[in-house]
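Enquirer: My structure is below; once you've seen it, I'll send some questions.
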Amino acid sequence: MDNSKKVTECEMIVPVDSFFVFTFVKRDNVFIHTSVNGDFEMGLTPSDVVNKTLEKFFPANQVQSKLQYYEKAWNGEAVKYLGSMNDFHYVAFLEPIVEDGKVVEVKGTAVNITEAKMNEDRMKEIEKRSMLVELSAGIAHEIRNPLTSIIGFSQIIKERTDDTVIKNYIEIMLTELNRINQI
C-alpha cells in the first residue's frame, strides 16, 4: 500500500502559507476593498488596503489593467491574472459572490509566485547564454573552415617561393591568420 502523498506542481512551486485573501465591493461605481487576510508580502499592511481603492496602493500604470479584471469579476466572471508589486509576483483569482442573481462582493486570492518567477527568469537567462555559446561556436567553426584553407595555401606558397620579400609578407600573413584562428 502506497501511503505517499501526491504533490501537485502548484504545491511544489508555492508554499501553502504564501497567499492572501481579499474582498472588494463596488460602491458608487468605485471598487473598495473590504478585507484582507493572510501572508501579505507585497510591502503593504491590511490598513493600507481595507476601505481603499486600487489607486491608493497600486502604481498608476497598473491600476487600469486591474480595474478591467475587477470589472469582469463584478460582472459575474471568474478571473485569473498575473500581477506584481514591489518585487512580489503573484497570480490572482477573483471569484464573484452572487446572491439573488446579483454580485454582492468579490473574493480574491493572491498566491505568491515570486520564487517561481525568479526561477523562470533564471532559466530564460541560462537559455539565452546557451544560445549565445552555440551561436559563437557556429561562427567560430564557419570562420575556421576557410581560414584553414588560407593558412594551408599560404604555407605552400611560402615553401615554393624563393623571393625573400614574398616569404616575409607570407610570414606576416601566417602570423595574423594564426592570431585570427586563436580568436
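We label chains A, B, ... in the order they appear in the C-alpha cells, count residues from 1 in each chain, and number ligands from 1 in the order shown.
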Which residues come within 9 Å of segment 75-92 of chain A, counting only C-alpha atoms, excluding same-chain residues fewer than 2 positions away, as number ranges by chain?

Expert: A: 19, 41-43, 58-59, 62, 66, 69-73, 94-98, 102-103, 106, 108-117

Enquirer: Just the selected residues (N, CA and C atoms), exported as a compact mmCIF listing (two decimals), in the first residue's frame, please.

Expert:
# COMPACT_ATOMS: atom_id res chain seq x y z
N PHE A 19 0.11 33.14 0.58
CA PHE A 19 -1.01 33.69 -0.16
C PHE A 19 -1.80 34.62 0.75
N GLU A 41 2.95 39.81 1.59
CA GLU A 41 4.36 40.09 1.34
C GLU A 41 4.62 41.22 0.36
N MET A 42 3.62 41.95 -0.02
CA MET A 42 3.78 42.99 -1.04
C MET A 42 4.33 44.30 -0.49
N GLY A 43 4.62 44.33 0.79
CA GLY A 43 5.10 45.57 1.38
C GLY A 43 3.95 46.45 1.84
N PHE A 58 -1.78 50.79 -5.47
CA PHE A 58 -1.10 50.25 -6.65
C PHE A 58 -0.54 51.40 -7.48
N PRO A 59 0.59 51.17 -8.16
CA PRO A 59 1.14 52.20 -9.05
C PRO A 59 0.14 52.52 -10.16
N GLN A 62 -0.48 50.32 -13.20
CA GLN A 62 -1.12 49.01 -13.04
C GLN A 62 -2.62 49.09 -12.77
N LYS A 66 -5.87 46.31 -13.69
CA LYS A 66 -6.54 45.66 -12.56
C LYS A 66 -8.02 46.04 -12.52
N TYR A 69 -9.93 43.72 -14.71
CA TYR A 69 -10.17 42.42 -14.08
C TYR A 69 -11.26 42.53 -13.02
N TYR A 70 -11.21 43.58 -12.22
CA TYR A 70 -12.20 43.79 -11.18
C TYR A 70 -13.60 43.93 -11.79
N GLU A 71 -13.66 44.67 -12.89
CA GLU A 71 -14.95 44.89 -13.57
C GLU A 71 -15.52 43.57 -14.09
N LYS A 72 -14.67 42.75 -14.69
CA LYS A 72 -15.11 41.44 -15.19
C LYS A 72 -15.66 40.60 -14.05
N ALA A 73 -14.94 40.59 -12.92
CA ALA A 73 -15.39 39.81 -11.77
C ALA A 73 -16.70 40.36 -11.23
N LEU A 94 -10.06 35.94 -8.93
CA LEU A 94 -11.21 36.72 -8.46
C LEU A 94 -12.47 35.90 -8.69
N GLU A 95 -13.23 35.73 -7.63
CA GLU A 95 -14.45 34.91 -7.70
C GLU A 95 -15.64 35.73 -7.20
N PRO A 96 -16.59 36.01 -8.09
CA PRO A 96 -17.75 36.80 -7.67
C PRO A 96 -18.64 36.01 -6.69
N ILE A 97 -19.16 36.71 -5.69
CA ILE A 97 -20.11 36.12 -4.76
C ILE A 97 -21.48 36.66 -5.15
N VAL A 98 -22.34 35.73 -5.54
CA VAL A 98 -23.64 36.11 -6.10
C VAL A 98 -24.76 35.75 -5.12
N LYS A 102 -27.35 38.51 -8.21
CA LYS A 102 -26.60 39.76 -8.30
C LYS A 102 -25.27 39.61 -7.53
N VAL A 103 -24.18 40.13 -8.12
CA VAL A 103 -22.88 40.10 -7.44
C VAL A 103 -22.92 41.10 -6.30
N VAL A 106 -16.79 40.44 -4.28
CA VAL A 106 -15.85 39.59 -5.00
C VAL A 106 -14.77 39.17 -4.02
N GLY A 108 -11.09 37.59 -3.62
CA GLY A 108 -9.86 37.42 -4.37
C GLY A 108 -8.83 36.65 -3.56
N THR A 109 -8.03 35.87 -4.26
CA THR A 109 -6.92 35.16 -3.64
C THR A 109 -5.68 35.46 -4.46
N ALA A 110 -4.63 35.90 -3.81
CA ALA A 110 -3.37 36.17 -4.50
C ALA A 110 -2.33 35.18 -3.96
N VAL A 111 -1.75 34.40 -4.86
CA VAL A 111 -0.77 33.38 -4.49
C VAL A 111 0.61 33.85 -4.92
N ASN A 112 1.53 33.79 -3.98
CA ASN A 112 2.91 34.23 -4.23
C ASN A 112 3.61 33.28 -5.20
N ILE A 113 4.03 33.81 -6.34
CA ILE A 113 4.79 33.01 -7.31
C ILE A 113 6.16 33.65 -7.56
N THR A 114 6.62 34.48 -6.62
CA THR A 114 7.87 35.21 -6.79
C THR A 114 9.04 34.26 -7.05
N GLU A 115 9.16 33.22 -6.24
CA GLU A 115 10.28 32.29 -6.41
C GLU A 115 10.20 31.59 -7.77
N ALA A 116 9.00 31.16 -8.14
CA ALA A 116 8.83 30.51 -9.44
C ALA A 116 9.17 31.48 -10.57
N LYS A 117 8.77 32.74 -10.44
CA LYS A 117 9.08 33.76 -11.45
C LYS A 117 10.58 33.99 -11.54

Enquirer: As a PDB file with C-alpha atoms, in the first residue's frame, which residues of chain A does DSSP assign to helix (DSSP H, G or I)?

Expert:
ATOM      1  CA  GLU A   9       3.038  21.102  -9.386  1.00  0.00           C
ATOM      2  CA  CYS A  10       1.475  24.095  -7.628  1.00  0.00           C
ATOM      3  CA  GLU A  11       2.389  22.743  -4.178  1.00  0.00           C
ATOM      4  CA  MET A  12       5.968  22.185  -5.308  1.00  0.00           C
ATOM      5  CA  ILE A  13       6.331  25.769  -6.505  1.00  0.00           C
ATOM      6  CA  PRO A  46      -4.114  45.448   5.780  1.00  0.00           C
ATOM      7  CA  SER A  47      -4.694  49.075   6.818  1.00  0.00           C
ATOM      8  CA  ASP A  48      -3.087  50.154   3.515  1.00  0.00           C
ATOM      9  CA  VAL A  49      -5.770  48.207   1.632  1.00  0.00           C
ATOM     10  CA  LEU A  54      -6.749  50.331  -6.085  1.00  0.00           C
ATOM     11  CA  GLU A  55      -5.415  53.825  -6.813  1.00  0.00           C
ATOM     12  CA  LYS A  56      -4.459  54.207  -3.152  1.00  0.00           C
ATOM     13  CA  ALA A  60      -0.842  54.227 -11.588  1.00  0.00           C
ATOM     14  CA  ASN A  61       0.482  52.172 -14.512  1.00  0.00           C
ATOM     15  CA  GLN A  62      -1.115  49.006 -13.040  1.00  0.00           C
ATOM     16  CA  VAL A  63      -4.462  50.380 -11.929  1.00  0.00           C
ATOM     17  CA  GLN A  64      -6.190  50.347 -15.352  1.00  0.00           C
ATOM     18  CA  SER A  65      -5.475  46.680 -16.074  1.00  0.00           C
ATOM     19  CA  LYS A  66      -6.542  45.663 -12.562  1.00  0.00           C
ATOM     20  CA  LEU A  67      -9.747  47.684 -12.894  1.00  0.00           C
ATOM     21  CA  GLN A  68     -10.563  45.680 -16.035  1.00  0.00           C
ATOM     22  CA  TYR A  69     -10.171  42.421 -14.085  1.00  0.00           C
ATOM     23  CA  TYR A  70     -12.202  43.792 -11.177  1.00  0.00           C
ATOM     24  CA  GLU A  71     -14.952  44.894 -13.567  1.00  0.00           C
ATOM     25  CA  LYS A  72     -15.109  41.440 -15.186  1.00  0.00           C
ATOM     26  CA  ALA A  73     -15.391  39.807 -11.772  1.00  0.00           C
ATOM     27  CA  TRP A  74     -18.048  42.296 -10.692  1.00  0.00           C
ATOM     28  CA  THR A 114       7.874  35.209  -6.789  1.00  0.00           C
ATOM     29  CA  GLU A 115      10.277  32.288  -6.408  1.00  0.00           C
ATOM     30  CA  ALA A 116       8.831  30.511  -9.443  1.00  0.00           C
ATOM     31  CA  LYS A 117       9.075  33.760 -11.446  1.00  0.00           C
ATOM     32  CA  MET A 118      12.704  34.227 -10.392  1.00  0.00           C
ATOM     33  CA  ASN A 119      13.469  30.632 -11.391  1.00  0.00           C
ATOM     34  CA  GLU A 120      11.740  31.208 -14.733  1.00  0.00           C
ATOM     35  CA  ASP A 121      13.811  34.356 -15.289  1.00  0.00           C
ATOM     36  CA  ARG A 122      16.996  32.444 -14.402  1.00  0.00           C
ATOM     37  CA  MET A 123      16.072  29.681 -16.846  1.00  0.00           C
ATOM     38  CA  LYS A 124      15.482  32.242 -19.596  1.00  0.00           C
ATOM     39  CA  GLU A 125      18.895  33.779 -18.892  1.00  0.00           C
ATOM     40  CA  ILE A 126      20.545  30.344 -18.997  1.00  0.00           C
ATOM     41  CA  GLU A 127      18.783  29.588 -22.296  1.00  0.00           C
ATOM     42  CA  LYS A 128      19.961  32.915 -23.752  1.00  0.00           C
ATOM     43  CA  ARG A 129      23.538  32.228 -22.694  1.00  0.00           C
ATOM     44  CA  SER A 130      23.355  28.713 -24.061  1.00  0.00           C
ATOM     45  CA  MET A 131      22.134  30.020 -27.425  1.00  0.00           C
ATOM     46  CA  LEU A 132      24.923  32.613 -27.409  1.00  0.00           C
ATOM     47  CA  VAL A 133      27.547  29.917 -26.786  1.00  0.00           C
ATOM     48  CA  GLU A 134      26.022  27.785 -29.554  1.00  0.00           C
ATOM     49  CA  LEU A 135      25.983  30.734 -31.940  1.00  0.00           C
ATOM     50  CA  SER A 136      29.579  31.628 -31.068  1.00  0.00           C
ATOM     51  CA  ALA A 137      30.713  28.042 -31.656  1.00  0.00           C
ATOM     52  CA  GLY A 138      28.925  28.023 -35.018  1.00  0.00           C
ATOM     53  CA  ILE A 139      30.514  31.302 -36.067  1.00  0.00           C
ATOM     54  CA  ALA A 140      33.973  30.105 -34.965  1.00  0.00           C
ATOM     55  CA  HIS A 141      33.510  26.916 -36.975  1.00  0.00           C
ATOM     56  CA  GLU A 142      32.414  28.846 -40.060  1.00  0.00           C
ATOM     57  CA  ILE A 143      35.416  31.190 -39.779  1.00  0.00           C
ATOM     58  CA  ARG A 144      37.937  28.405 -39.155  1.00  0.00           C
ATOM     59  CA  ASN A 145      36.970  26.401 -42.244  1.00  0.00           C
ATOM     60  CA  PRO A 146      38.068  28.991 -44.823  1.00  0.00           C
ATOM     61  CA  LEU A 147      40.879  30.137 -42.526  1.00  0.00           C
ATOM     62  CA  THR A 148      42.385  26.654 -42.586  1.00  0.00           C
ATOM     63  CA  SER A 149      42.436  26.731 -46.383  1.00  0.00           C
ATOM     64  CA  ILE A 150      44.034  30.190 -46.455  1.00  0.00           C
ATOM     65  CA  ILE A 151      46.702  29.137 -43.929  1.00  0.00           C
ATOM     66  CA  GLY A 152      47.430  25.929 -45.854  1.00  0.00           C
ATOM     67  CA  PHE A 153      47.786  27.654 -49.224  1.00  0.00           C
ATOM     68  CA  SER A 154      49.903  30.431 -47.668  1.00  0.00           C
ATOM     69  CA  GLN A 155      52.299  27.811 -46.281  1.00  0.00           C
ATOM     70  CA  ILE A 156      52.508  26.129 -49.712  1.00  0.00           C
ATOM     71  CA  ILE A 157      53.284  29.475 -51.409  1.00  0.00           C
ATOM     72  CA  LYS A 158      55.910  30.261 -48.743  1.00  0.00           C
ATOM     73  CA  GLU A 159      57.615  26.886 -49.301  1.00  0.00           C
ATOM     74  CA  ARG A 160      57.594  27.196 -53.101  1.00  0.00           C
ATOM     75  CA  THR A 164      62.518  36.672 -49.574  1.00  0.00           C
ATOM     76  CA  VAL A 165      60.205  39.689 -49.715  1.00  0.00           C
ATOM     77  CA  ILE A 166      57.236  37.457 -50.526  1.00  0.00           C
ATOM     78  CA  LYS A 167      58.334  34.989 -47.801  1.00  0.00           C
ATOM     79  CA  ASN A 168      58.389  37.863 -45.274  1.00  0.00           C
ATOM     80  CA  TYR A 169      54.911  39.002 -46.356  1.00  0.00           C
ATOM     81  CA  ILE A 170      53.618  35.423 -46.163  1.00  0.00           C
ATOM     82  CA  GLU A 171      55.167  35.034 -42.698  1.00  0.00           C
ATOM     83  CA  ILE A 172      53.342  38.190 -41.556  1.00  0.00           C
ATOM     84  CA  MET A 173      50.113  36.850 -43.116  1.00  0.00           C
ATOM     85  CA  LEU A 174      50.536  33.462 -41.368  1.00  0.00           C
ATOM     86  CA  THR A 175      51.166  35.163 -38.015  1.00  0.00           C
ATOM     87  CA  GLU A 176      47.995  37.250 -38.400  1.00  0.00           C
ATOM     88  CA  LEU A 177      45.971  34.288 -39.690  1.00  0.00           C
ATOM     89  CA  ASN A 178      47.044  32.219 -36.669  1.00  0.00           C
ATOM     90  CA  ARG A 179      46.052  35.110 -34.404  1.00  0.00           C
ATOM     91  CA  ILE A 180      42.604  35.202 -36.065  1.00  0.00           C
ATOM     92  CA  ASN A 181      42.378  31.421 -35.630  1.00  0.00           C
ATOM     93  CA  GLN A 182      43.106  31.783 -31.884  1.00  0.00           C
TER      94      GLN A 182
END

Enquirer: Between atom CA of Asn51 of chain A and atom CA of Gly101 of chain A, what distance in Å does the model show, to one decimal?

Expert: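 Atom CA of Gly101 of chain A lies at a distance of 25.1 Å from atom CA of Asn51 of chain A.
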
Enquirer: Rounded to one decimal in Å, what is the spacing between atom CA of Phe20 of chain A and atom CA of Glu99 of chain A?

Expert: 23.8 Å

Enquirer: Return as a ChimeraX atom specification the full set of residues in chain A whose backbone-based DSSP assignment is strand (DSSP E).

Expert: /A:19-27,30-38,79-85,88-99,102-112
